[in-house]
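Accompanying notes for the structure given below.
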Amino acid sequence: MTLSAIQEQIGSPRFQNALERRAQSTPPIWLMRQAGRYHRHYQALRQKYSFMDLCKRPELAAAVALGPVQDFDFDAAILFSDLLFPLEALGMGLEYTDRGPQLGWNLDMKTISQLRSIEEAWPHLLFQGEAMRATRDRLPSDRSLVGFVGGPWTLFVYAVEGSHQGSLVESKKLLALFPLFCETVVPLLVRNIELQLESGAELVMIFDTAAGELSPGIFSGEVLPQLRALAAKDASRIGYYSKATQPAHLRDPLFTEGGLAGVGIDSRWNMSEALDLFPHGFVQGNFDQALLLSERDELKGQLQRYLDPLSKRATPGWICGLGHGVLPGTPEDNVRLFVDTVREVMQ
């Protein structure tokens, strides 16, 4: 057997079918933040190591990513890392505290000159390639591997405000600074995406959790050009997830005509309508993650109601997941129930 033939066998068949929009009854399942605070496997590692160690030591990052695949039988693992590391690489500092991630300084018209150059920043992201390779080495060959980067707008919001909570007043006031920031961050993210793909990722997601705070017009005028630049080289292997966006934001050829590998949507969307709006590539989502906190019988009923219309139609391209990440405090048994119920109903 040739090397290329062996390489083609790496990854989940269900996941690869979804990427290629091939018909199948049972969708692949992976959840954002499936490796995280709700999971005892993660908690045990976190008692021994700092969050930074878990991200930056390849063997630990691989162990965290592999845990939920082993425990819950997900079809794919996700690189265990954080979307803020490019800001750290650019010299903004980064510390993880009980109050969440803290940057060393905030971005504005004066401080933008303090950002490192791309060449200075790049060595500080190489650990993600090592973590990706370590994860792929430990992951079973019939499971897929997903990478990710933060969306340029979401990184800008974090850089300006220190978080992405609220109405993002400061970020919108400094909207003229966004393209200047992107002159540095977008080429850096392009390299990061290439690194992850070369290191074993089948797909790299752009996570843009602050995008929905923009009007469709500003999203189209400011964010879309940066996304096109970010995806220009490897578009067929790049997906885009945005939180709180509406069809008016994503009714663009980049999303609707196969300009990317696919899109992820939150729980505000109707999945059947999304599958019709995005007829090319995958559509990932979108069960409400808060419902996983419900009592078991209530969760079972909510899942049945969610899955019923999908079980009655073709769902090519669907990657089953949540509208956002698994919440802390989610019972592990409810995650198992989610996986088992999806596979029981969708067969």
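In the structure tokens, chains take letters A, B, ... by order of appearance, with residues numbered from 1 within each chain and ligands from 1 in the order shown.
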Enumerate, in order of chain and increasing residue number, the residues of range 11-93 of chain A with an atom no farther than 9 Å from range 127-150 of chain A, each with its shortest atom pair and distance in Å to one decimal, counting only C-alpha atoms, as CSV.
residue,atom,partner,partner_atom,distance
A:Gly11,CA,A:Ser144,CA,4.1
A:Ser12,CA,A:Arg143,CA,4.4
A:Pro13,CA,A:Asp142,CA,7.2
A:Phe15,CA,A:Ser144,CA,6.9
A:Gln16,CA,A:Ser144,CA,8.2
A:Cys55,CA,A:Ala131,CA,7.8
A:Lys56,CA,A:Phe127,CA,6.0
A:Arg57,CA,A:Ala131,CA,7.1
A:Pro58,CA,A:Ala131,CA,4.1
A:Glu59,CA,A:Ala134,CA,6.2
A:Leu60,CA,A:Ala131,CA,8.3
A:Ala61,CA,A:Ala131,CA,5.9
A:Ala62,CA,A:Thr135,CA,4.2
A:Ala63,CA,A:Thr135,CA,7.5
A:Ala65,CA,A:Thr135,CA,7.0
A:Leu66,CA,A:Leu139,CA,6.5
A:Val69,CA,A:Arg143,CA,8.4
A:Phe74,CA,A:Arg143,CA,8.0
A:Asp75,CA,A:Arg143,CA,5.4
A:Ala76,CA,A:Ser144,CA,4.4
A:Ala77,CA,A:Leu145,CA,4.9
A:Ile78,CA,A:Val146,CA,4.7
A:Leu79,CA,A:Gly147,CA,5.2
A:Phe80,CA,A:Ala131,CA,7.9
A:Ser81,CA,A:Gln128,CA,7.5
A:Asp82,CA,A:Val149,CA,8.1
A:Leu83,CA,A:Gly150,CA,4.8
A:Leu84,CA,A:Gly150,CA,7.2
A:Pro86,CA,A:Gly150,CA,8.6
Contacts of Ala274 in chain A within 9 Å, only C-alpha atoms, excl. fewer than 4 positions in-chain, as an NGL selection string: :A and (247 or 265 or 269-270 or 278-279 or 283)
Filtered DSSP result for range 113-342 of chain A, state alpha helix (DSSP H), as a PyMOL selection string: chain A and resi 118-121+126-138+152-161+169-173+178-198+216-218+224-231+247-250+253-256+271-277+296-311+332-342
Who sits within 6 Å of Gln284 in chain A, only C-alpha atoms, same chain under 6 positions skipped, as an NGL selection string: :A and (264 or 318-320)
Serialized selection, C-alpha atoms, as a tab-separated table (two decimals), in the first residue's frame:
chain	number	residue	atom	x	y	z
A	264	GLY	CA	-20.88	26.34	12.37
A	318	TRP	CA	-24.35	17.87	9.09
A	319	ILE	CA	-21.77	17.68	11.88
A	320	CYS	CA	-23.80	17.28	15.05
Contacts of Pro101 in chain A within 9 Å, only C-alpha atoms, excl. fewer than 4 positions in-chain, as a ChimeraX atom specification: /A:84,94-97,162-163
Go ahead and write the residues just picked, N, CA and C atoms, as a short mmCIF file (atom, residue, chain, number, x, y, z; two decimals), in the first residue's frame.
data_model
loop_
_atom_site.label_atom_id
_atom_site.label_comp_id
_atom_site.auth_asym_id
_atom_site.auth_seq_id
_atom_site.Cartn_x
_atom_site.Cartn_y
_atom_site.Cartn_z
N LEU A 84 -6.40 32.93 22.29
CA LEU A 84 -5.70 34.17 22.61
C LEU A 84 -4.19 34.09 22.43
N LEU A 94 -0.10 37.48 28.49
CA LEU A 94 -1.29 36.66 28.72
C LEU A 94 -1.10 35.87 30.00
N GLU A 95 -2.08 35.98 30.87
CA GLU A 95 -2.08 35.23 32.12
C GLU A 95 -3.48 34.68 32.35
N TYR A 96 -3.59 33.44 32.81
CA TYR A 96 -4.87 32.83 33.11
C TYR A 96 -5.08 32.85 34.61
N THR A 97 -6.14 33.53 35.04
CA THR A 97 -6.42 33.73 36.46
C THR A 97 -7.82 33.24 36.78
N GLY A 162 -10.24 43.34 26.49
CA GLY A 162 -9.83 42.35 27.48
C GLY A 162 -10.78 41.19 27.62
N SER A 163 -11.95 41.25 26.96
CA SER A 163 -12.92 40.16 26.96
C SER A 163 -13.84 40.39 25.76
#
Polymer residues at most 8 Å from Asp108 in chain A, only C-alpha atoms, same-chain spacing of 6 or more positions, as a PyMOL selection string: chain A and resi 160+174+177
For the selection you just gave me, I'd like the residues written to a file as a short mmCIF file (atom, residue, chain, number, x, y, z; two decimals), in the first residue's frame, keeping C-alpha atoms.
data_model
loop_
_atom_site.label_atom_id
_atom_site.label_comp_id
_atom_site.auth_asym_id
_atom_site.auth_seq_id
_atom_site.Cartn_x
_atom_site.Cartn_y
_atom_site.Cartn_z
CA VAL A 160 -9.21 46.23 22.88
CA LEU A 174 -12.10 51.98 17.50
CA LEU A 177 -8.16 50.49 14.08
#
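Counting only C-alpha atoms, the residue from A:Val204, A:Met92, A:Ala211, A:Leu189 that sits nearest to Gly239 in chain A is A:Val204.
Of the residues under consideration (A:Asn17, A:Gln289, A:Ser311, A:Gln165), A:Gln289 shows the shortest atom-to-atom contact distance to Phe338 in chain A when counting only C-alpha atoms.
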Atom pair CA of Ala290 in chain A / CA of Pro68 in chain A: separation (Å): 18.8 Å
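Selecting strand (DSSP E or B) from the backbone DSSP output for range 34-98 of chain A yields Ala76, Ala77, Ile78, Glu95, Tyr96 and Thr97 of chain A.
Between Asp73 in chain A and the residues A:Ala248, A:Val186, A:Leu45, A:Leu31, the shortest atom-to-atom distance, using only C-alpha atoms, involves A:Leu31.
As for CA of Glu273 in chain A and CA of Ser236 in chain A, they are spaced 22.6 Å apart.
The smallest atom-to-atom distance between Pro309 in chain A and any of A:Val345, A:Val64, A:Leu327, A:Leu250, using only C-alpha atoms, is found for A:Val345.
Proximity to Ala210 in chain A was assessed for A:Ala261, A:Ala176, A:Leu303, A:Val157 counting only C-alpha atoms; the smallest distance is recorded for A:Val157.
The coordinates place CA of Pro28 in chain A at 19.6 Å from CA of Gln302 in chain A.
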Contacts of Ala18 in chain A at 8 Å (only C-alpha atoms; same-chain gap of 4+ positions) as a list in words: Arg14, Arg22, Ala23, Pro27, Pro28, Gly281, Phe282, Pro316, Gly317, Trp318 and Ile319 of chain A
Output the selection as an mmCIF file, in the first residue's frame - N, CA and C atoms for each residue.
data_model
loop_
_atom_site.group_PDB
_atom_site.id
_atom_site.type_symbol
_atom_site.label_atom_id
_atom_site.label_comp_id
_atom_site.auth_asym_id
_atom_site.auth_seq_id
_atom_site.Cartn_x
_atom_site.Cartn_y
_atom_site.Cartn_z
ATOM 1 N N ARG A 14 -17.317 9.133 8.950
ATOM 2 C CA ARG A 14 -18.497 9.990 9.063
ATOM 3 C C ARG A 14 -18.120 11.468 8.959
ATOM 4 N N ARG A 22 -21.353 14.125 1.509
ATOM 5 C CA ARG A 22 -21.860 12.830 1.077
ATOM 6 C C ARG A 22 -23.002 12.391 1.995
ATOM 7 N N ALA A 23 -24.018 11.800 1.419
ATOM 8 C CA ALA A 23 -25.194 11.397 2.183
ATOM 9 C C ALA A 23 -24.836 10.321 3.207
ATOM 10 N N PRO A 27 -24.841 11.383 11.666
ATOM 11 C CA PRO A 27 -23.832 12.433 11.523
ATOM 12 C C PRO A 27 -22.647 12.195 12.449
ATOM 13 N N PRO A 28 -21.484 12.730 12.116
ATOM 14 C CA PRO A 28 -20.381 12.742 13.073
ATOM 15 C C PRO A 28 -20.720 13.693 14.214
ATOM 16 N N GLY A 281 -20.496 21.922 1.472
ATOM 17 C CA GLY A 281 -19.681 21.708 2.656
ATOM 18 C C GLY A 281 -20.511 21.330 3.865
ATOM 19 N N PHE A 282 -19.909 21.465 5.049
ATOM 20 C CA PHE A 282 -20.574 21.018 6.265
ATOM 21 C C PHE A 282 -21.342 22.155 6.929
ATOM 22 N N PRO A 316 -27.204 15.751 4.520
ATOM 23 C CA PRO A 316 -25.801 15.685 4.093
ATOM 24 C C PRO A 316 -25.042 16.910 4.584
ATOM 25 N N GLY A 317 -23.850 16.680 5.076
ATOM 26 C CA GLY A 317 -23.022 17.784 5.542
ATOM 27 C C GLY A 317 -23.162 18.107 7.007
ATOM 28 N N TRP A 318 -24.136 17.505 7.687
ATOM 29 C CA TRP A 318 -24.352 17.865 9.087
ATOM 30 C C TRP A 318 -23.284 17.263 9.987
ATOM 31 N N ILE A 319 -22.627 18.106 10.781
ATOM 32 C CA ILE A 319 -21.768 17.683 11.884
ATOM 33 C C ILE A 319 -22.526 18.031 13.155
#
